[in-house]
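Participant: So that we are looking at the same thing, I have put the structure below in structure tokens.
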Amino acid sequence: MTAIHPPAQKVWWKQPVDRIELVWIGIALVWCLIMFFFMPFWHVYGEQNYSGEAYRVPPERFTEKVNEFVEQYTVRHETDRQIPVVRPPAGSDIYLLGRLWDWYPILELEKGETYRLHVSSTDWQHGLSIQPININFQVLPGYEMVLNITPTEAGEYAVVCNEYCGILHHAMLSKLYVVDNSN
Amino acid sequence: MNPQFRTCPDTGLVFHRPAENLIKANAIAATIFLAVGGFLGLLVALTRWPAIQILNAQDFYTVLTGHGIVLLLVWILFFEVALLYFCSSVLLRCRLATPRMGWLAFGLMLIGAATTAVAILQGRSSVMMTSYVPMPAEPHFYLGLILFAVGALIAVLIFFGTLVVARDERTYEGSIPLVTFGALTAAIIAVFTIACGAIILIPTFLWSIGYISDIDPLMYRLVWWGLGHSSQQINVAAHVAVWYAIAAIVFGAKPMSEKVSRGAFFLYILFISIASAHHLLGDPGLSTEWKIFNTSYAMYLAVLASLVHGLTVPGSIEVAQREKGHSKGLFEWLRKAPWGNPVFSGMFLSLVGFGFIGGISGVVMGAEQINFLIHNTIYVPGHFHGTVALGTTLAFMALSLWLVPVLFRRELVWPKLAQWQPWLFGIGTALQAFFMMGAGTLGVSRRHWDMAFTGSAFEWAYPGMAYTMMALNGVSAIMAVAGGVIFVLVIVGTIFLGRKMDVASEYSDAKPEILRGPAESLTGHGHAGLGVKGFPAPGTFVLAMFLLLIFVVYYFINYGYLASVWKFS
């Protein structure tokens, strides 16, 4: 009896299972469990995790925090639009705002230092994508995501928006600088 | 009353006239939407081919929204409704419950799909398939989706009703066939899916007309993915059922073990729906424990189910082939398979492609931390072209190439052309998946009109290889579309121009014969003497171990790369 007919045995669940199937189920189950336990393992031993730290924040309040941050630490401006480049002290709280259609402000960080990065949106959903290292997070209005990040290589990075956010989504691009102060 | 049942002289299947008409209507609607969605997909791929960029930004986002909704929801669900009616009424030789409600369901789905399509074409609802709040679409965008979902829900209830009628009227003996069991799995997941859709889309519709002031974006994503991902899990259950059906139709293959195959479907019912959480791995506001448990389908038990089907479907074919005498070495059964029959080649390409491309990539990118490397890059569409286009769509095409001649009693037209169909479509979509995944690994975003960032205050250039991959994706899309065009031509040609089969299949008043089940009295597993060392399907086992090897290596390559990027916690 094929798969489009009723099972050949009325009490089909009592039919013994082929060894090939049992062996495969065993092997596959072991792999499934390895994959499952690898995620918590990486939380303990890996260095790329998100703790889940986040807060609810009204968009106006987040904007205030960003503006305070920009006023305090701006070191220069870039492009015709005079976008501030902000150089916060190593280890401090830093802020990044996603909005239609830019990231604000430009951050300049030190290699090897750990910062508490606060990210949120004041309008629609955005996607924080740092290139070319290619790490990606979802940015939601009303939620302040806190990531402890440690840039490990100096250089000039792109901040891309990779969550569709309307007609100029593809123009939502910014920079992020990592400088090496160790030498 | 008109005579209601006919028995197909070629296949022995019994068709109930209203069910047959509904299957035809839903399958034709599905094919039309497949053609529309495929055309939109071609425009998307040609726009993302940087040297061509055929659409402007506004049209691109509109077309991309349409492509996603038409193919991921409309084509698939119309076909699945046809499949549910087939797996209940036809396979159980039973009258379809409440056929009039079936036409109501069909009408609602058609009106709903049309309403949403109009909203998208008007250009003010270019919000992508996901329509994440607070980005607004026009109210009729949501309304159309709601009507469509209500129609689909009615169709699912008719399927359940037909199972009850079949049991009640004793149209079959024993348990329902495995394929019907798979369809039942799909239907149960569909209820969950549609419920999620209703829970989120109805408030969003009310929000769009001003009755609700605010919808939380995280809650929206959480519930919406209960619709958006679970709908793809319906597909998995449905196309696995189709694989088993085609193995039965082409080879007369028996399930290696009813218990194992049904157990695997049951794991889908229990665990597959929670995995929609893997869309939220990069989101703020959810705990790590929640993410790990859900993204892993509760310790990957639904992945286990797919791995089991990955063995038992080709395994059942291998056993059937070995019984016919193709038993030399490990792979004679596969070499001697009817590769020129598009029903088989389509099914087998779907199986292999779903496993190696869609399946592996999906599980790897659904690992909590690897997801940071992939979230919202074009790797994601690469993955789901491997599952939905290469897996589900190709399986449904293969079944259609068998079912349409049976339904319409006409011979398949242009059989030589039809032979090419699965290869063009299968290899084209496989290459698309491969190139998109490659470009995504290099950081290219999904849902993005211009990877060169025209109009931005800054400049940024992706590696040259990313540009090459997006161009090759365009070339592959042309190949896949050629396969799609052949499919539509062959189906439409068969319906209108196919030669009528010589033996008529008349309706009669007689009640169909009862579907006999337990005829054999099997002892043991029934495969004694086949294969090697008690393994009745050794070739399949080797293939399965090969898949697992690639899976394991690819998984750790990704964690290895992850370990090299910035530290974050």
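Chain labels follow the order of the structure tokens: the first chain is A, the next B, and so on; residue numbering restarts at 1 in every chain, and ligands are counted from 1 in their shown order.
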I'd like the contact shell of Leu72 of chain B - 10 Å cut-off, only C-alpha atoms, skipping same-chain residues fewer than 3 positions apart - returned as a ChimeraX atom specification.
Facilitator: /B:34,37,66-69,75-77,129,228,231-232,235,384,388-389,393
Participant: How would the residues just picked look written out with C-alpha atoms as a compact mmCIF listing (two decimals), in the first residue's frame?
Facilitator:
# COMPACT_ATOMS: atom_id res chain seq x y z
CA LEU B 34 2.15 32.13 -10.34
CA GLY B 37 4.20 36.75 -9.46
CA GLY B 66 3.60 42.52 -5.16
CA HIS B 67 6.10 39.75 -5.90
CA GLY B 68 6.25 38.72 -2.26
CA ILE B 69 2.53 38.71 -1.60
CA TRP B 75 -0.17 31.30 -5.52
CA ILE B 76 0.82 28.94 -2.77
CA LEU B 77 -2.44 29.08 -0.85
CA MET B 129 4.88 41.64 2.27
CA GLY B 228 4.47 35.02 7.71
CA SER B 231 2.51 29.99 6.19
CA GLN B 232 5.81 28.69 4.87
CA ASN B 235 4.25 24.66 2.56
CA PHE B 384 13.74 31.18 0.99
CA VAL B 388 9.67 28.14 -1.34
CA ALA B 389 10.65 28.39 -5.01
CA THR B 393 6.87 25.62 -5.97
Participant: Which residues, written as a PyMOL selection string, have at least one atom at most 7 Å from segment 101-116 of chain A, with only C-alpha atoms counted and residues fewer than 5 positions away on the same chain left out?
Facilitator: chain A and resi 83-87+90-94+96+146-154+168-169+171-181
Participant: I need the residues from that last selection saved to file as an mmCIF file, in the first residue's frame (with N, CA and C atoms), if you can.
Facilitator:
data_model
loop_
_atom_site.group_PDB
_atom_site.id
_atom_site.type_symbol
_atom_site.label_atom_id
_atom_site.label_comp_id
_atom_site.auth_asym_id
_atom_site.auth_seq_id
_atom_site.Cartn_x
_atom_site.Cartn_y
_atom_site.Cartn_z
ATOM 1 N N ILE A 83 26.869 67.023 8.989
ATOM 2 C CA ILE A 83 26.513 65.942 9.916
ATOM 3 C C ILE A 83 27.614 65.823 10.972
ATOM 4 N N PRO A 84 27.240 65.886 12.253
ATOM 5 C CA PRO A 84 28.267 65.855 13.296
ATOM 6 C C PRO A 84 28.965 64.500 13.417
ATOM 7 N N VAL A 85 30.277 64.574 13.636
ATOM 8 C CA VAL A 85 31.055 63.385 13.972
ATOM 9 C C VAL A 85 31.339 63.468 15.465
ATOM 10 N N VAL A 86 30.985 62.404 16.181
ATOM 11 C CA VAL A 86 31.026 62.451 17.634
ATOM 12 C C VAL A 86 32.092 61.492 18.136
ATOM 13 N N ARG A 87 32.943 61.990 19.000
ATOM 14 C CA ARG A 87 34.004 61.138 19.536
ATOM 15 C C ARG A 87 33.854 61.028 21.044
ATOM 16 N N ALA A 90 36.279 56.699 25.740
ATOM 17 C CA ALA A 90 36.280 55.238 25.717
ATOM 18 C C ALA A 90 35.450 54.693 26.865
ATOM 19 N N GLY A 91 34.675 53.698 26.572
ATOM 20 C CA GLY A 91 33.899 53.028 27.616
ATOM 21 C C GLY A 91 32.593 53.713 27.974
ATOM 22 N N SER A 92 32.235 54.800 27.282
ATOM 23 C CA SER A 92 31.037 55.538 27.694
ATOM 24 C C SER A 92 29.786 55.020 26.992
ATOM 25 N N ASP A 93 28.662 55.642 27.362
ATOM 26 C CA ASP A 93 27.395 55.357 26.681
ATOM 27 C C ASP A 93 27.352 56.157 25.391
ATOM 28 N N ILE A 94 27.065 55.499 24.287
ATOM 29 C CA ILE A 94 27.002 56.200 23.006
ATOM 30 C C ILE A 94 25.637 55.970 22.368
ATOM 31 N N LEU A 96 22.958 56.153 18.880
ATOM 32 C CA LEU A 96 22.789 56.183 17.442
ATOM 33 C C LEU A 96 21.297 56.160 17.139
ATOM 34 N N VAL A 146 20.359 48.166 23.814
ATOM 35 C CA VAL A 146 21.691 48.471 24.342
ATOM 36 C C VAL A 146 22.637 47.311 24.046
ATOM 37 N N LEU A 147 23.679 47.634 23.284
ATOM 38 C CA LEU A 147 24.673 46.630 22.906
ATOM 39 C C LEU A 147 26.028 47.079 23.420
ATOM 40 N N ASN A 148 26.754 46.167 24.054
ATOM 41 C CA ASN A 148 28.133 46.501 24.423
ATOM 42 C C ASN A 148 29.014 46.087 23.263
ATOM 43 N N ILE A 149 29.547 47.083 22.543
ATOM 44 C CA ILE A 149 30.333 46.696 21.371
ATOM 45 C C ILE A 149 31.806 47.071 21.533
ATOM 46 N N THR A 150 32.633 46.222 20.988
ATOM 47 C CA THR A 150 34.077 46.436 21.018
ATOM 48 C C THR A 150 34.626 46.308 19.604
ATOM 49 N N PRO A 151 34.909 47.441 18.943
ATOM 50 C CA PRO A 151 35.493 47.334 17.601
ATOM 51 C C PRO A 151 36.899 46.760 17.718
ATOM 52 N N THR A 152 37.174 45.775 16.896
ATOM 53 C CA THR A 152 38.471 45.110 17.016
ATOM 54 C C THR A 152 39.443 45.489 15.904
ATOM 55 N N GLU A 153 38.960 46.244 14.911
ATOM 56 C CA GLU A 153 39.839 46.662 13.816
ATOM 57 C C GLU A 153 39.616 48.145 13.546
ATOM 58 N N ALA A 154 40.695 48.880 13.350
ATOM 59 C CA ALA A 154 40.543 50.297 12.992
ATOM 60 C C ALA A 154 40.125 50.397 11.533
ATOM 61 N N LEU A 168 13.276 56.318 0.108
ATOM 62 C CA LEU A 168 14.715 56.608 0.056
ATOM 63 C C LEU A 168 15.538 55.657 0.932
ATOM 64 N N HIS A 169 14.958 54.514 1.202
ATOM 65 C CA HIS A 169 15.631 53.494 2.016
ATOM 66 C C HIS A 169 17.063 53.239 1.532
ATOM 67 N N ALA A 171 19.104 55.119 0.229
ATOM 68 C CA ALA A 171 20.046 56.230 0.428
ATOM 69 C C ALA A 171 20.422 56.393 1.896
ATOM 70 N N MET A 172 19.855 55.556 2.735
ATOM 71 C CA MET A 172 20.101 55.685 4.183
ATOM 72 C C MET A 172 21.416 54.999 4.534
ATOM 73 N N LEU A 173 22.476 55.800 4.433
ATOM 74 C CA LEU A 173 23.827 55.280 4.599
ATOM 75 C C LEU A 173 24.610 56.269 5.442
ATOM 76 N N SER A 174 25.444 55.779 6.336
ATOM 77 C CA SER A 174 26.280 56.671 7.127
ATOM 78 C C SER A 174 27.633 56.018 7.353
ATOM 79 N N LYS A 175 28.482 56.735 8.106
ATOM 80 C CA LYS A 175 29.829 56.214 8.352
ATOM 81 C C LYS A 175 30.023 55.948 9.830
ATOM 82 N N LEU A 176 31.023 55.169 10.097
ATOM 83 C CA LEU A 176 31.449 54.949 11.473
ATOM 84 C C LEU A 176 32.971 54.789 11.414
ATOM 85 N N TYR A 177 33.662 55.524 12.255
ATOM 86 C CA TYR A 177 35.120 55.461 12.224
ATOM 87 C C TYR A 177 35.639 54.738 13.456
ATOM 88 N N VAL A 178 36.643 53.931 13.243
ATOM 89 C CA VAL A 178 37.337 53.316 14.374
ATOM 90 C C VAL A 178 38.807 53.704 14.257
ATOM 91 N N VAL A 179 39.315 54.380 15.295
ATOM 92 C CA VAL A 179 40.704 54.830 15.249
ATOM 93 C C VAL A 179 41.540 54.015 16.221
ATOM 94 N N ASP A 180 42.804 53.901 15.887
ATOM 95 C CA ASP A 180 43.713 53.106 16.703
ATOM 96 C C ASP A 180 44.593 54.050 17.494
ATOM 97 N N ASN A 181 44.411 54.112 18.814
ATOM 98 C CA ASN A 181 45.178 55.036 19.649
ATOM 99 C C ASN A 181 46.293 54.347 20.400
#
Participant: So, with only C-alpha atoms as the atoms that count, which of B:Phe293, B:Tyr555, B:Tyr172, B:Phe568 lies closest to chain A?
Facilitator: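 Among the listed residues, the smallest separation from chain A belongs to B:Phe568.
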Participant: Given only C-alpha atoms as the basis, pick out the residue of B:Gly362, B:Gly498, B:Gly353, B:Gly440 nearest to chain A.
Facilitator: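 Going through B:Gly362, B:Gly498, B:Gly353, B:Gly440 one by one, the smallest distance to chain A is for B:Gly440.
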Participant: Would you list the contacts of Ser276 of chain B as a CSV table (one decimal) with C-alpha atoms, in the first residue's frame, taking every protein, DNA or RNA residue within 9 Å and counting only C-alpha atoms, but skipping same-chain residues closer than 6 positions in sequence?
Facilitator:
chain,number,residue,atom,x,y,z
B,222,LEU,CA,6.0,38.7,16.9
B,225,TRP,CA,5.6,36.2,11.8
B,226,GLY,CA,3.2,33.7,13.2
B,227,LEU,CA,1.5,34.3,9.9
B,228,GLY,CA,4.5,35.0,7.7
B,229,HIS,CA,6.7,32.1,8.7
B,230,SER,CA,4.0,29.6,9.6
B,294,ASN,CA,11.8,29.1,20.0
B,295,THR,CA,14.3,29.6,17.2
B,297,TYR,CA,11.8,24.7,17.3
Participant: Near Ala395 of chain B, within 7 Å and counting only C-alpha atoms, which residues show up once chain neighbours fewer than 2 positions away are dropped, as a list in words?
Facilitator: His239, Val242, Gly346, Met347, Ser350, Gly391, Thr392, Thr393, Met397, Ala398 and Leu399 of chain B
Participant: Considering only alpha helix (DSSP H) as DSSP defines it on the backbone, what residues of segment 40-235 of chain B qualify? List them as number ranges by chain.
Facilitator: B: 40-48, 57-68, 76-85, 99-121, 139-168, 178-208, 217-228, 230-235
Participant: Excluding Leu373 of chain B and residues on its chain fewer than 4 positions from it, collect all residues at most 12 Å away from it, counting only C-alpha atoms, and give them as a count of residues only.
Facilitator: 40
Participant: Have a look at A:Phe41, A:Leu100, A:Tyr95, A:Tyr55 and name the one nearest to chain B; count only C-alpha atoms.
Facilitator: A:Tyr55
Participant: For chain B, which residue among A:His170, A:Gln82, A:Arg61, A:Ser182 is the nearest when counting only C-alpha atoms?
Facilitator: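 Distance minimum relative to chain B lands on A:His170.
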Participant: Which residue, A:Met1, A:Val159, A:Leu140, A:Ala28, has the smallest gap to Ser306 of chain B when you use only C-alpha atoms?
Facilitator: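 For Ser306 of chain B, the nearest of the candidates is A:Ala28.
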Participant: Using only C-alpha atoms, pick whichever of B:Ala27, B:Ile188, B:Leu351, B:Ile176 has the shortest atom-to-atom distance to chain A.
Facilitator: B:Ile176
Participant: Grab the atom CA of Ile486 of chain B to atom CA of Met501 of chain B distance for me, in Å with one decimal place.
Facilitator: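 These two atoms are separated by 22.1 Å.
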Participant: To one decimal place, how far is atom CA of Lys10 of chain A from atom CA of Gly174 of chain B in Å?
Facilitator: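 Atom CA of Lys10 of chain A sits 5.4 Å away from atom CA of Gly174 of chain B.
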Participant: Report the distance between atom CA of Ala477 of chain B and atom CA of Tyr132 of chain B in Å, rounded to one decimal place.
Facilitator: 27.2 Å
